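Report on the structure given below.
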Amino acid sequence: MVRAIVTDPLASGYFAIKEVAAPQTQPWEAIVQVQAFSLNRGEVVDARDNGEQIRPGWDFAGIVIEQAKNGTGPKQGSRVVGLLPLGAWAEQVAAPTSLLAEIPDDITLAQAATLPVAGLSALNTLRKGGMLLGKRILITGSTGGVGIFAHQLAAQSGAFTVGIARTKEKALLVQEAGANEVIVGGTAISSVDTFGPYHLIIDSVGGDTLAALLPQLAPEGICVSMGHSSSPYATINIRGLGGRTLYSFFLGEEINRYSPAEDLKLLGELVSKGQLVPRIEVEASWKEIGTIAQQLIERKFSGKAVLQIN
């Protein structure tokens, strides 16, 4: 038996640590002793909305204690980062080697744990813009895990990026991540045309915001809708949008187009070189999962929350 976090409507914060069966592997899976994992708003919302008891969790980092039986992937003793569709918040997990990457010695497991969902989402949304050198990119949700990574990666690619922040204090975080301009305030969307039109827009808000952003696209520009924190519904006026593209982003599909193992290795190397800096706003014991998850839902902090298994 191993310990894992499960959903429990009767527990404080809806999550509880309980004993579950030890992981059993397929030939292409390694067993990882998880030491840290990060939280993503989407997985927390999904877990709390699910009517059945489940084992949530996407991102994890730890040590391989059993290499995959088919001989692929990191060897026993390797420090790794990976992701799973469910169940990553546990002492031990069985992980497909295609979703697992060894990390450099000079980055921490906490740093690595921030990379799977947020890092891969940022990387793959930016890929939709093609060659980014000199292009204008607008990123909503700029102070979240994906937004901060997207600004840093876009800056590395030579793009001109515009971010959005609710306060001047948060705007400084976006500037530190490499944004060329930051629009501040609750009505920021009405001012995005100041720096447009945009070749690429990455939106995580949805609803009326998504509808308002589409006219800001340059000819042949693309808007990547990767979230809907405001609303999953939008009424769009398609007049004048000829040649522009609206792309619905889902990481579960993107990892079939690009190797997550190779991309995680790339992201880890960028962290090692100081070219990508994870912003860990909260680091705590996994016993505080209920409290931290609630703070994440209420947007009490920017960047990422990482929990340590102890």
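FYI, nothing fancy with the structure tokens labels: chains A, B, ... in order, residues from 1 per chain, ligands from 1 as they appear.
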
As a list of chain:residue names, please: the residues near stretch 256-269 of chain A (cut-off 6 Å, only C-alpha atoms, same-chain neighbours under 5 positions excluded). A:Ser98, A:Leu99, A:Leu100, A:Ala101, A:Ile103

What is the distance between atom CA of A:Leu83 and atom CA of A:Leu276, in Å to one decimal?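 Interatomic distance, atom CA of A:Leu83 to atom CA of A:Leu276: 19.1 Å.
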
Quick one: everything within 10 Å of A:Gly221, counting only C-alpha atoms, minus sequence neighbours fewer than 4 positions away in the same chain. Send it as a PyMOL selection string. chain A and resi 128-129+136-137+197-201+214+216-217+241+243-246

Go ahead and dump the residues you just picked, C-alpha atoms, as a short mmCIF file (atom, residue, chain, number, x, y, z; two decimals), in the first residue's frame.
data_model
loop_
_atom_site.label_atom_id
_atom_site.label_comp_id
_atom_site.auth_asym_id
_atom_site.auth_seq_id
_atom_site.Cartn_x
_atom_site.Cartn_y
_atom_site.Cartn_z
CA LYS A 128 0.75 27.57 -33.08
CA GLY A 129 2.25 30.94 -34.01
CA ARG A 136 3.32 40.44 -31.68
CA ILE A 137 1.77 38.16 -29.09
CA PRO A 197 -2.86 43.88 -34.14
CA TYR A 198 -1.46 40.54 -32.96
CA HIS A 199 -0.10 37.60 -34.89
CA LEU A 200 -0.86 35.28 -31.97
CA ILE A 201 -3.26 35.60 -29.03
CA LEU A 214 -10.65 37.96 -32.05
CA GLN A 216 -7.47 42.18 -32.58
CA LEU A 217 -5.85 39.52 -34.76
CA LEU A 241 -12.47 37.82 -39.41
CA GLY A 243 -8.36 34.48 -42.82
CA ARG A 244 -8.01 34.52 -39.02
CA THR A 245 -8.03 31.29 -37.01
CA LEU A 246 -9.55 30.30 -33.67
#

Excluding same-chain residues fewer than 4 positions from A:Ala293, what lies within 10 Å of it counting only C-alpha atoms, as a JSON list (two decimals) with N, CA, C and O atoms, in the first residue's frame?
[["chain", "number", "residue", "atom", "x", "y", "z"],
["A", 13, "GLY", "N", -11.51, 20.84, 2.78],
["A", 13, "GLY", "CA", -10.97, 21.21, 1.47],
["A", 13, "GLY", "C", -11.24, 20.21, 0.38],
["A", 13, "GLY", "O", -10.74, 20.33, -0.73],
["A", 14, "TYR", "N", -12.01, 19.14, 0.68],
["A", 14, "TYR", "CA", -12.46, 18.16, -0.30],
["A", 14, "TYR", "C", -11.39, 17.14, -0.68],
["A", 14, "TYR", "O", -11.63, 16.25, -1.47],
["A", 15, "PHE", "N", -10.19, 17.22, -0.11],
["A", 15, "PHE", "CA", -9.13, 16.27, -0.43],
["A", 15, "PHE", "C", -8.63, 15.61, 0.85],
["A", 15, "PHE", "O", -8.54, 16.25, 1.90],
["A", 39, "LEU", "N", 0.21, 22.06, -8.51],
["A", 39, "LEU", "CA", -1.24, 22.12, -8.70],
["A", 39, "LEU", "C", -1.57, 22.95, -9.94],
["A", 39, "LEU", "O", -0.93, 23.97, -10.21],
["A", 40, "ASN", "N", -2.60, 22.53, -10.65],
["A", 40, "ASN", "CA", -3.13, 23.28, -11.77],
["A", 40, "ASN", "C", -4.61, 23.54, -11.49],
["A", 40, "ASN", "O", -5.34, 22.64, -11.03],
["A", 41, "ARG", "N", -5.04, 24.76, -11.79],
["A", 41, "ARG", "CA", -6.41, 25.13, -11.45],
["A", 41, "ARG", "C", -7.44, 24.18, -12.08],
["A", 41, "ARG", "O", -8.42, 23.80, -11.46],
["A", 43, "GLU", "N", -7.26, 20.98, -12.88],
["A", 43, "GLU", "CA", -7.40, 19.67, -12.25],
["A", 43, "GLU", "C", -8.09, 19.78, -10.89],
["A", 43, "GLU", "O", -8.84, 18.88, -10.50],
["A", 44, "VAL", "N", -7.86, 20.89, -10.18],
["A", 44, "VAL", "CA", -8.53, 21.08, -8.89],
["A", 44, "VAL", "C", -10.02, 21.27, -9.09],
["A", 44, "VAL", "O", -10.85, 20.67, -8.39],
["A", 45, "VAL", "N", -10.39, 22.10, -10.06],
["A", 45, "VAL", "CA", -11.81, 22.33, -10.36],
["A", 45, "VAL", "C", -12.47, 21.03, -10.79],
["A", 45, "VAL", "O", -13.56, 20.67, -10.32],
["A", 48, "ARG", "N", -12.96, 18.62, -7.83],
["A", 48, "ARG", "CA", -14.01, 19.04, -6.89],
["A", 48, "ARG", "C", -15.40, 18.94, -7.50],
["A", 48, "ARG", "O", -16.38, 18.77, -6.79],
["A", 288, "GLU", "N", -1.27, 19.90, 3.32],
["A", 288, "GLU", "CA", -2.02, 21.16, 3.22],
["A", 288, "GLU", "C", -2.78, 21.28, 1.91],
["A", 288, "GLU", "O", -3.19, 22.38, 1.52],
["A", 289, "ILE", "N", -3.01, 20.17, 1.24],
["A", 289, "ILE", "CA", -3.64, 20.18, -0.07],
["A", 289, "ILE", "C", -4.98, 20.91, -0.08],
["A", 289, "ILE", "O", -5.26, 21.70, -1.00],
["A", 297, "ILE", "N", -8.00, 28.18, -6.25],
["A", 297, "ILE", "CA", -9.31, 28.46, -6.85],
["A", 297, "ILE", "C", -9.66, 29.94, -6.70],
["A", 297, "ILE", "O", -10.20, 30.57, -7.61],
["A", 298, "GLU", "N", -9.32, 30.52, -5.55],
["A", 298, "GLU", "CA", -9.65, 31.92, -5.27],
["A", 298, "GLU", "C", -8.60, 32.89, -5.80],
["A", 298, "GLU", "O", -8.69, 34.08, -5.56],
["A", 299, "ARG", "N", -7.60, 32.37, -6.53],
["A", 299, "ARG", "CA", -6.54, 33.20, -7.12],
["A", 299, "ARG", "C", -5.83, 34.06, -6.07],
["A", 299, "ARG", "O", -5.59, 35.25, -6.27],
["A", 305, "ALA", "N", 1.98, 26.56, -7.32],
["A", 305, "ALA", "CA", 2.04, 25.99, -5.99],
["A", 305, "ALA", "C", 2.61, 24.58, -6.10],
["A", 305, "ALA", "O", 2.15, 23.79, -6.92]]

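Counting only C-alpha atoms and comparing A:Val277, A:Ile65, A:Ala90, A:Val117, the residue that lies closest to A:Gly42 is A:Val117.
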
Find the spatial neighbours of A:His228, counting only C-alpha atoms, within a cut-off of 7 Å - ignore same-chain residues fewer than 6 positions away - and output them as a list in words.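 In the requested format, the answer is Ser204, Val205, Gly206 and Gly207 of chain A.
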
File dump, residues just selected, N, CA and C atoms, as a short mmCIF file (atom, residue, chain, number, x, y, z; two decimals), in the first residue's frame:
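Result file is part.cif:
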data_model
loop_
_atom_site.label_atom_id
_atom_site.label_comp_id
_atom_site.auth_asym_id
_atom_site.auth_seq_id
_atom_site.Cartn_x
_atom_site.Cartn_y
_atom_site.Cartn_z
N SER A 204 -6.87 32.44 -21.94
CA SER A 204 -7.31 31.45 -20.97
C SER A 204 -8.57 31.90 -20.23
N VAL A 205 -9.19 32.97 -20.70
CA VAL A 205 -10.36 33.55 -20.01
C VAL A 205 -11.66 33.08 -20.64
N GLY A 206 -11.74 33.10 -21.97
CA GLY A 206 -12.95 32.67 -22.66
C GLY A 206 -14.06 33.70 -22.56
N GLY A 207 -15.27 33.27 -22.82
CA GLY A 207 -16.44 34.13 -22.70
C GLY A 207 -16.35 35.39 -23.54
#

Once DSSP has gone over the backbone, tell me which residues of stretch 55-148 of chain A are in helix (DSSP H, G or I), as a PyMOL selection string. chain A and resi 97-99+109-113+115-127+145-148

Skip A:Glu181 itself and residues of its chain fewer than 2 positions away, then list as a list in words all residues within 9 Å of it, counting only C-alpha atoms.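 These residues fall inside the cut-off: Phe160, Thr161, Val162, Gly163, Ile164, Val174, Gln175, Gly178, Ala179, Ile183 and Phe195 of chain A.
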
Could you save the residues just selected, with N, CA, C and O atoms, as a CSV table (one decimal), in the first residue's frame?
chain,number,residue,atom,x,y,z
A,160,PHE,N,7.5,40.1,-29.6
A,160,PHE,CA,7.1,41.3,-28.8
A,160,PHE,C,5.8,40.9,-28.1
A,160,PHE,O,4.8,40.6,-28.7
A,161,THR,N,5.9,40.8,-26.8
A,161,THR,CA,4.7,40.2,-26.0
A,161,THR,C,4.0,41.3,-25.2
A,161,THR,O,4.7,42.2,-24.6
A,162,VAL,N,2.7,41.2,-25.1
A,162,VAL,CA,1.9,42.1,-24.3
A,162,VAL,C,1.1,41.2,-23.3
A,162,VAL,O,0.5,40.2,-23.7
A,163,GLY,N,1.2,41.6,-22.1
A,163,GLY,CA,0.5,40.8,-21.0
A,163,GLY,C,-0.6,41.7,-20.4
A,163,GLY,O,-0.7,42.9,-20.7
A,164,ILE,N,-1.4,41.0,-19.6
A,164,ILE,CA,-2.5,41.7,-18.9
A,164,ILE,C,-2.4,41.3,-17.4
A,164,ILE,O,-2.1,40.1,-17.0
A,174,VAL,N,4.9,40.2,-14.6
A,174,VAL,CA,4.8,39.9,-16.0
A,174,VAL,C,6.0,40.5,-16.7
A,174,VAL,O,6.5,39.9,-17.6
A,175,GLN,N,6.4,41.7,-16.3
A,175,GLN,CA,7.5,42.4,-16.9
A,175,GLN,C,8.8,41.5,-16.6
A,175,GLN,O,9.6,41.4,-17.5
A,178,GLY,N,9.4,38.8,-19.0
A,178,GLY,CA,9.9,39.2,-20.3
A,178,GLY,C,8.9,40.0,-21.2
A,178,GLY,O,9.1,40.2,-22.4
A,179,ALA,N,7.7,40.3,-20.6
A,179,ALA,CA,6.7,41.1,-21.4
A,179,ALA,C,7.3,42.4,-21.8
A,179,ALA,O,7.9,43.1,-21.0
A,183,ILE,N,-0.7,45.6,-19.8
A,183,ILE,CA,-1.9,46.4,-19.6
A,183,ILE,C,-2.5,46.1,-18.3
A,183,ILE,O,-2.7,44.9,-18.0
A,195,PHE,N,-1.6,48.1,-28.7
A,195,PHE,CA,-0.3,47.4,-29.1
A,195,PHE,C,-0.6,46.4,-30.2
A,195,PHE,O,0.4,45.8,-30.7

At what distance in Å, to one decimal, does atom CA of A:Leu270 lie from atom CA of A:Leu126?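 It comes out at 15.8 Å.
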
Identify, with DSSP run on backbone atoms, the residues in stretch 21-218 of chain A assigned to strand (DSSP E), and express the list as a PyMOL selection string. chain A and resi 29-38+59-66+79-83+92-96+100-102+136-139+160-165+181-184+198-203+217-218

Just want the 6 Å neighbourhood of stretch 147-157 of chain A, counted on only C-alpha atoms, with same-chain residues fewer than 6 positions away dropped. Output as a PyMOL selection string. chain A and resi 122+132-133+141+177-179

Same residues, C-alpha atoms, saved as a compact mmCIF listing (two decimals), in the first residue's frame:
# COMPACT_ATOMS: atom_id res chain seq x y z
CA ALA A 122 2.97 27.33 -22.88
CA LEU A 132 7.88 34.00 -33.55
CA LEU A 133 10.80 36.33 -34.20
CA GLY A 141 -3.77 35.02 -17.73
CA ALA A 177 8.86 37.27 -17.21
CA GLY A 178 9.86 39.19 -20.33
CA ALA A 179 6.73 41.06 -21.42

Using only C-alpha atoms, which of the listed residues (A:Thr143, A:Thr125, A:Asn310, A:Asn237) sits closest to A:Ile222? A:Thr125
